[in-house]
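> Next up, work-v5.cif (mmCIF, C-alpha atoms).
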data_input
loop_
_atom_site.group_PDB
_atom_site.id
_atom_site.type_symbol
_atom_site.label_atom_id
_atom_site.label_comp_id
_atom_site.auth_asym_id
_atom_site.auth_seq_id
_atom_site.Cartn_x
_atom_site.Cartn_y
_atom_site.Cartn_z
ATOM 1 C CA MET A 1 0.000 0.000 0.000
ATOM 2 C CA SER A 2 1.281 3.442 -0.945
ATOM 3 C CA VAL A 3 1.874 6.169 1.597
ATOM 4 C CA TRP A 4 1.267 8.788 -1.123
ATOM 5 C CA PRO A 5 -2.047 9.928 -2.605
ATOM 6 C CA ASP A 6 -2.680 8.308 -6.016
ATOM 7 C CA PRO A 7 -1.497 11.278 -8.145
ATOM 8 C CA VAL A 8 1.775 11.471 -6.181
ATOM 9 C CA GLU A 9 2.241 7.710 -6.430
ATOM 10 C CA ARG A 10 1.982 7.936 -10.247
ATOM 11 C CA VAL A 11 4.839 10.466 -10.209
ATOM 12 C CA SER A 12 6.852 8.310 -7.772
ATOM 13 C CA ILE A 13 6.498 5.256 -10.016
ATOM 14 C CA VAL A 14 7.996 7.154 -12.968
ATOM 15 C CA LEU A 15 10.910 8.276 -10.784
ATOM 16 C CA ARG A 16 11.551 4.776 -9.408
ATOM 17 C CA GLU A 17 11.324 3.072 -12.814
ATOM 18 C CA ALA A 18 13.740 5.601 -14.302
ATOM 19 C CA GLY A 19 16.165 5.214 -11.379
ATOM 20 C CA VAL A 20 16.292 8.993 -10.995
ATOM 21 C CA GLU A 21 17.893 10.588 -7.967
ATOM 22 C CA SER A 22 15.078 12.700 -6.580
ATOM 23 C CA THR A 23 13.179 13.659 -3.449
ATOM 24 C CA VAL A 24 9.397 13.851 -3.177
ATOM 25 C CA GLU A 25 8.239 16.009 -0.286
ATOM 26 C CA GLU A 26 4.910 16.968 1.189
ATOM 27 C CA PHE A 27 4.432 20.545 2.375
ATOM 28 C CA ALA A 28 1.572 20.728 4.886
ATOM 29 C CA ASP A 29 0.727 24.345 4.101
ATOM 30 C CA GLY A 30 0.656 23.663 0.364
ATOM 31 C CA THR A 31 2.520 25.451 -2.391
ATOM 32 C CA PRO A 32 -0.176 27.467 -4.191
ATOM 33 C CA THR A 33 2.200 30.071 -5.658
ATOM 34 C CA ALA A 34 5.754 29.933 -6.955
ATOM 35 C CA GLU A 35 6.822 32.281 -4.153
ATOM 36 C CA GLU A 36 5.336 30.035 -1.463
ATOM 37 C CA ALA A 37 6.764 26.934 -3.144
ATOM 38 C CA ALA A 38 10.256 28.450 -3.166
ATOM 39 C CA LYS A 39 9.950 29.435 0.489
ATOM 40 C CA ALA A 40 8.736 25.947 1.461
ATOM 41 C CA ALA A 41 11.477 24.195 -0.533
ATOM 42 C CA GLY A 42 14.208 26.606 0.568
ATOM 43 C CA CYS A 43 15.251 27.462 -2.988
ATOM 44 C CA THR A 44 15.156 30.405 -5.372
ATOM 45 C CA ILE A 45 11.940 31.163 -7.227
ATOM 46 C CA GLY A 46 13.733 30.392 -10.519
ATOM 47 C CA GLN A 47 14.127 26.768 -9.372
ATOM 48 C CA ILE A 48 10.357 26.308 -9.131
ATOM 49 C CA VAL A 49 8.873 24.598 -12.188
ATOM 50 C CA LYS A 50 5.444 25.883 -13.137
ATOM 51 C CA SER A 51 3.751 23.064 -15.113
ATOM 52 C CA LEU A 52 1.109 24.838 -17.189
ATOM 53 C CA VAL A 53 -1.265 23.423 -19.772
ATOM 54 C CA PHE A 54 -2.087 25.401 -22.910
ATOM 55 C CA ALA A 55 -4.515 24.637 -25.714
ATOM 56 C CA GLY A 56 -4.472 25.545 -29.382
ATOM 57 C CA ASP A 57 -5.742 24.188 -32.705
ATOM 58 C CA GLY A 58 -7.363 21.192 -31.001
ATOM 59 C CA GLU A 59 -4.132 20.146 -29.247
ATOM 60 C CA PHE A 60 -2.616 20.603 -25.812
ATOM 61 C CA ALA A 61 0.874 21.476 -24.593
ATOM 62 C CA MET A 62 2.513 21.141 -21.188
ATOM 63 C CA VAL A 63 4.740 24.148 -20.654
ATOM 64 C CA LEU A 64 7.477 24.117 -17.996
ATOM 65 C CA VAL A 65 8.527 27.626 -16.998
ATOM 66 C CA PRO A 66 10.501 28.971 -14.025
ATOM 67 C CA GLY A 67 8.622 30.539 -11.138
ATOM 68 C CA ASP A 68 10.243 33.906 -11.860
ATOM 69 C CA MET A 69 9.060 33.981 -15.490
ATOM 70 C CA ARG A 70 5.752 34.198 -17.342
ATOM 71 C CA ALA A 71 4.715 31.874 -20.156
ATOM 72 C CA ASP A 72 4.455 33.714 -23.495
ATOM 73 C CA ARG A 73 1.353 32.582 -25.431
ATOM 74 C CA ASP A 74 2.660 33.804 -28.778
ATOM 75 C CA ARG A 75 5.940 31.913 -28.390
ATOM 76 C CA ILE A 76 4.069 28.785 -27.271
ATOM 77 C CA ALA A 77 1.751 28.975 -30.292
ATOM 78 C CA THR A 78 4.744 29.372 -32.610
ATOM 79 C CA GLU A 79 6.631 26.428 -31.027
ATOM 80 C CA CYS A 80 3.558 24.196 -31.317
ATOM 81 C CA GLY A 81 2.655 25.331 -34.828
ATOM 82 C CA TRP A 82 -0.669 26.781 -33.653
ATOM 83 C CA GLN A 83 -2.506 29.905 -34.766
ATOM 84 C CA LYS A 84 -3.129 30.908 -31.157
ATOM 85 C CA ALA A 85 -2.513 29.519 -27.647
ATOM 86 C CA ARG A 86 -4.736 29.865 -24.592
ATOM 87 C CA MET A 87 -4.574 28.573 -21.027
ATOM 88 C CA ALA A 88 -6.461 25.289 -20.734
ATOM 89 C CA THR A 89 -9.568 25.237 -18.558
ATOM 90 C CA ALA A 90 -9.493 23.397 -15.227
ATOM 91 C CA ASP A 91 -11.458 20.495 -16.754
ATOM 92 C CA GLU A 92 -9.087 20.327 -19.736
ATOM 93 C CA VAL A 93 -6.044 20.341 -17.422
ATOM 94 C CA LEU A 94 -7.415 17.363 -15.483
ATOM 95 C CA ASP A 95 -8.468 15.524 -18.664
ATOM 96 C CA VAL A 96 -5.152 15.834 -20.507
ATOM 97 C CA SER A 97 -2.636 15.824 -17.639
ATOM 98 C CA GLY A 98 -4.387 13.539 -15.168
ATOM 99 C CA PHE A 99 -3.706 16.073 -12.418
ATOM 100 C CA GLU A 100 -5.819 18.754 -10.763
ATOM 101 C CA PRO A 101 -4.855 22.384 -11.499
ATOM 102 C CA GLY A 102 -2.413 23.528 -8.828
ATOM 103 C CA GLY A 103 -0.951 20.044 -8.530
ATOM 104 C CA VAL A 104 0.085 19.346 -12.118
ATOM 105 C CA ALA A 105 3.211 17.228 -12.403
ATOM 106 C CA PRO A 106 5.309 17.261 -15.595
ATOM 107 C CA PHE A 107 5.237 13.447 -15.733
ATOM 108 C CA PRO A 108 3.787 10.989 -16.455
ATOM 109 C CA ARG A 109 3.111 12.890 -19.647
ATOM 110 C CA GLY A 110 -0.623 12.359 -20.058
ATOM 111 C CA ALA A 111 -2.406 13.228 -23.298
ATOM 112 C CA VAL A 112 -0.546 16.406 -24.257
ATOM 113 C CA GLU A 113 0.903 16.555 -27.763
ATOM 114 C CA HIS A 114 3.770 18.913 -26.892
ATOM 115 C CA VAL A 115 5.975 19.406 -23.832
ATOM 116 C CA LEU A 116 8.085 22.562 -23.895
ATOM 117 C CA MET A 117 10.692 23.448 -21.275
ATOM 118 C CA GLU A 118 12.359 26.786 -20.729
ATOM 119 C CA PRO A 119 16.139 26.232 -21.179
ATOM 120 C CA SER A 120 17.030 28.586 -18.298
ATOM 121 C CA PHE A 121 16.382 25.711 -15.847
ATOM 122 C CA MET A 122 19.727 24.258 -16.916
ATOM 123 C CA ARG A 123 21.552 26.910 -14.864
ATOM 124 C CA TYR A 124 20.501 25.058 -11.695
ATOM 125 C CA GLU A 125 21.779 21.834 -10.184
ATOM 126 C CA VAL A 126 18.264 20.949 -9.000
ATOM 127 C CA VAL A 127 14.733 22.219 -9.599
ATOM 128 C CA TRP A 128 11.420 21.627 -7.812
ATOM 129 C CA ALA A 129 8.339 20.553 -9.786
ATOM 130 C CA GLY A 130 4.795 19.691 -8.821
ATOM 131 C CA ALA A 131 4.406 16.044 -7.803
ATOM 132 C CA GLY A 132 0.686 15.503 -8.255
ATOM 133 C CA THR A 133 -1.070 17.611 -5.609
ATOM 134 C CA HIS A 134 -0.938 21.213 -4.433
ATOM 135 C CA SER A 135 1.114 20.131 -1.416
ATOM 136 C CA HIS A 136 3.663 17.741 -3.003
ATOM 137 C CA MET A 137 6.795 18.648 -4.949
ATOM 138 C CA VAL A 138 9.699 16.684 -6.372
ATOM 139 C CA MET A 139 13.329 17.830 -6.401
ATOM 140 C CA LEU A 140 15.393 16.565 -9.339
ATOM 141 C CA SER A 141 17.986 17.696 -11.863
ATOM 142 C CA PRO A 142 16.811 19.764 -14.841
ATOM 143 C CA LEU A 143 18.224 17.088 -17.188
ATOM 144 C CA ASP A 144 16.117 14.398 -15.520
ATOM 145 C CA LEU A 145 13.095 16.701 -15.633
ATOM 146 C CA GLU A 146 13.600 17.234 -19.359
ATOM 147 C CA ARG A 147 14.001 13.500 -20.013
ATOM 148 C CA LEU A 148 11.119 12.267 -17.852
ATOM 149 C CA ALA A 149 8.740 14.936 -19.138
ATOM 150 C CA GLU A 150 9.831 14.154 -22.728
ATOM 151 C CA ALA A 151 10.301 17.894 -23.095
ATOM 152 C CA ARG A 152 11.785 19.941 -25.895
ATOM 153 C CA ALA A 153 13.830 23.004 -24.944
ATOM 154 C CA ALA A 154 12.195 26.205 -26.167
ATOM 155 C CA SER A 155 12.348 29.885 -25.210
ATOM 156 C CA ILE A 156 8.709 30.250 -24.210
ATOM 157 C CA SER A 157 8.714 32.789 -21.402
ATOM 158 C CA ASP A 158 9.439 36.343 -20.434
ATOM 159 C CA PRO A 159 10.734 37.647 -17.105
ATOM 160 C CA GLY A 160 7.826 37.823 -14.668
#
Would you write out, as structure tokens, the structure that this file holds?


Amino acid sequence: MSVWPDPVERVSIVLREAGVESTVEEFADGTPTAEEAAKAAGCTIGQIVKSLVFAGDGEFAMVLVPGDMRADRDRIATECGWQKARMATADEVLDVSGFEPGGVAPFPRGAVEHVLMEPSFMRYEVVWAGAGTHSHMVMLSPLDLERLAEARAASISDPG
């Protein structure tokens, strides 16, 4: 029997099967904003991975951007070959990612067609990403994040 809630266990299984050096932690007060996540994890806001879901032209993209940056819809649309990008609705996020908004993990991938990752994460030794709920995060290397999320590096954000 798992000690983690089901969404967190799905993330943990991916980490275990990949043999990735990582730490999954639960933060009792939750991590609803990048600022609060950074404070809870004891890291810089740039090390927080915002896992956002965008929609466009009948497809979906998971976009991984640092907590100190904002996702750029025009750049996302261009990278995905879409006319226009919009934030996915809460129902769409759950349907395509398998995670509730606020607890979206970058893996397992779910039903998104594209996964884009801001290359600036590579300046850090470790980053913190959502691990399935609003109160769980995983610490891992940016290279492992990129590999496990099946992400493609793309400049998709602007300074927040």

> What would the selection look like, as a PyMOL selection string, if the PyMOL selection byres ((chain A and resi 3-10) around 12) were run on the coordinates I just shared?

chain A and resi 1-2+11-17+23-26+94+97-100+103-110+129-138

> Kindly save the residues from that selection, with C-alpha atoms included, as a PDB file, keeping the file's coordinate frame.


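Result file follows (selection.pdb):
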ATOM      1  CA  MET A   1       0.000   0.000   0.000  1.00  0.00           C
ATOM      2  CA  SER A   2       1.281   3.442  -0.945  1.00  0.00           C
ATOM      3  CA  VAL A  11       4.839  10.466 -10.209  1.00  0.00           C
ATOM      4  CA  SER A  12       6.852   8.310  -7.772  1.00  0.00           C
ATOM      5  CA  ILE A  13       6.498   5.256 -10.016  1.00  0.00           C
ATOM      6  CA  VAL A  14       7.996   7.154 -12.968  1.00  0.00           C
ATOM      7  CA  LEU A  15      10.910   8.276 -10.784  1.00  0.00           C
ATOM      8  CA  ARG A  16      11.551   4.776  -9.408  1.00  0.00           C
ATOM      9  CA  GLU A  17      11.324   3.072 -12.814  1.00  0.00           C
ATOM     10  CA  THR A  23      13.179  13.659  -3.449  1.00  0.00           C
ATOM     11  CA  VAL A  24       9.397  13.851  -3.177  1.00  0.00           C
ATOM     12  CA  GLU A  25       8.239  16.009  -0.286  1.00  0.00           C
ATOM     13  CA  GLU A  26       4.910  16.968   1.189  1.00  0.00           C
ATOM     14  CA  LEU A  94      -7.415  17.363 -15.483  1.00  0.00           C
ATOM     15  CA  SER A  97      -2.636  15.824 -17.639  1.00  0.00           C
ATOM     16  CA  GLY A  98      -4.387  13.539 -15.168  1.00  0.00           C
ATOM     17  CA  PHE A  99      -3.706  16.073 -12.418  1.00  0.00           C
ATOM     18  CA  GLU A 100      -5.819  18.754 -10.763  1.00  0.00           C
ATOM     19  CA  GLY A 103      -0.951  20.044  -8.530  1.00  0.00           C
ATOM     20  CA  VAL A 104       0.085  19.346 -12.118  1.00  0.00           C
ATOM     21  CA  ALA A 105       3.211  17.228 -12.403  1.00  0.00           C
ATOM     22  CA  PRO A 106       5.309  17.261 -15.595  1.00  0.00           C
ATOM     23  CA  PHE A 107       5.237  13.447 -15.733  1.00  0.00           C
ATOM     24  CA  PRO A 108       3.787  10.989 -16.455  1.00  0.00           C
ATOM     25  CA  ARG A 109       3.111  12.890 -19.647  1.00  0.00           C
ATOM     26  CA  GLY A 110      -0.623  12.359 -20.058  1.00  0.00           C
ATOM     27  CA  ALA A 129       8.339  20.553  -9.786  1.00  0.00           C
ATOM     28  CA  GLY A 130       4.795  19.691  -8.821  1.00  0.00           C
ATOM     29  CA  ALA A 131       4.406  16.044  -7.803  1.00  0.00           C
ATOM     30  CA  GLY A 132       0.686  15.503  -8.255  1.00  0.00           C
ATOM     31  CA  THR A 133      -1.070  17.611  -5.609  1.00  0.00           C
ATOM     32  CA  HIS A 134      -0.938  21.213  -4.433  1.00  0.00           C
ATOM     33  CA  SER A 135       1.114  20.131  -1.416  1.00  0.00           C
ATOM     34  CA  HIS A 136       3.663  17.741  -3.003  1.00  0.00           C
ATOM     35  CA  MET A 137       6.795  18.648  -4.949  1.00  0.00           C
ATOM     36  CA  VAL A 138       9.699  16.684  -6.372  1.00  0.00           C
TER      37      VAL A 138
END

> Identify all residues satisfying the PyMOL selection byres ((chain A and resi 81) around 12) in the given file; provide them as JSON, numbers by chain.

{"A": [55, 56, 57, 58, 59, 60, 61, 73, 74, 75, 76, 77, 78, 79, 80, 82, 83, 84, 85, 113, 114]}

> Taking all listed atoms of stretch 49-56 of chain A, build the axis-aligned box, pad each of the six sides by 8 Å, then write its centre and edge lengths in Å to one decimal as AutoDock Vina command-line options.


--center_x 2.2 --center_y 24.5 --center_z -20.8 --size_x 29.4 --size_y 18.8 --size_z 33.2

> Mind pulling up the distance from atom CA of A:Met139 to atom CA of A:Ser22?

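Interatomic distance, atom CA of A:Ser22 to atom CA of A:Met139: 5.4 Å.
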
> Restricting the calculation to all atoms listed in the file, which member of A:Ala71, A:Leu143, A:Ala41, A:Leu52 is positioned closest to A:Ser155?

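For A:Ser155, the nearest of the candidates is A:Ala71.
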
> What is the distance between atom CA of A:Ser120 and atom CA of A:Val65, in Å to one decimal?

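Pair atom CA of A:Ser120 / atom CA of A:Val65 returns 8.7 Å.
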
> Pick the closest to A:Val20 from A:Ala90, A:Leu140, A:Ile156, A:Met69: which is it, counting only C-alpha atoms?

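So, comparing all the options, the nearest one is A:Leu140.
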
> Could you expand the PyMOL selection byres ((chain A and resi 154) around 7) into the explicit residues it covers here, written as a ChimeraX atom specification?

/A:116-119,152-153,155-156

> To one decimal place in Å, what is the distance between atom CA of A:Glu146 and atom CA of A:Arg70?

18.8 Å

> Taking into account only C-alpha atoms, which residue in the set A:Ala18, A:Ala151, A:Val96, A:Val126 is nearest to A:Leu64?

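Counting only C-alpha atoms, the residue closest to A:Leu64 is A:Ala151.
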
> Compile the contact shell of A:Gly42 as a PyMOL selection string: residues with an atom at most 12 Å away, counting all atoms listed in the file, same-chain residues fewer than 4 positions apart removed.

chain A and resi 27+34-38+46-48+126-128+139

> For A:Ala149, which residue out of A:Met62, A:Cys43, A:Met87, A:Val93 is the nearest one, using only C-alpha atoms?

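Among A:Met62, A:Cys43, A:Met87, A:Val93, it is A:Met62 that comes nearest to A:Ala149.
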
> Could you check the closest approach to A:Ala88 for each of A:Phe54, A:Asp68, A:Pro32, A:Val112 and tell me which residue wins, using only C-alpha atoms?

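Among the listed residues, A:Phe54 lies closest to A:Ala88.
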
> Which residue is closest to A:Leu148? Choose from A:Ile45, A:Val53, A:Met122, A:Val115 and count only C-alpha atoms.

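Under the stated criterion, the closest residue is A:Val115.
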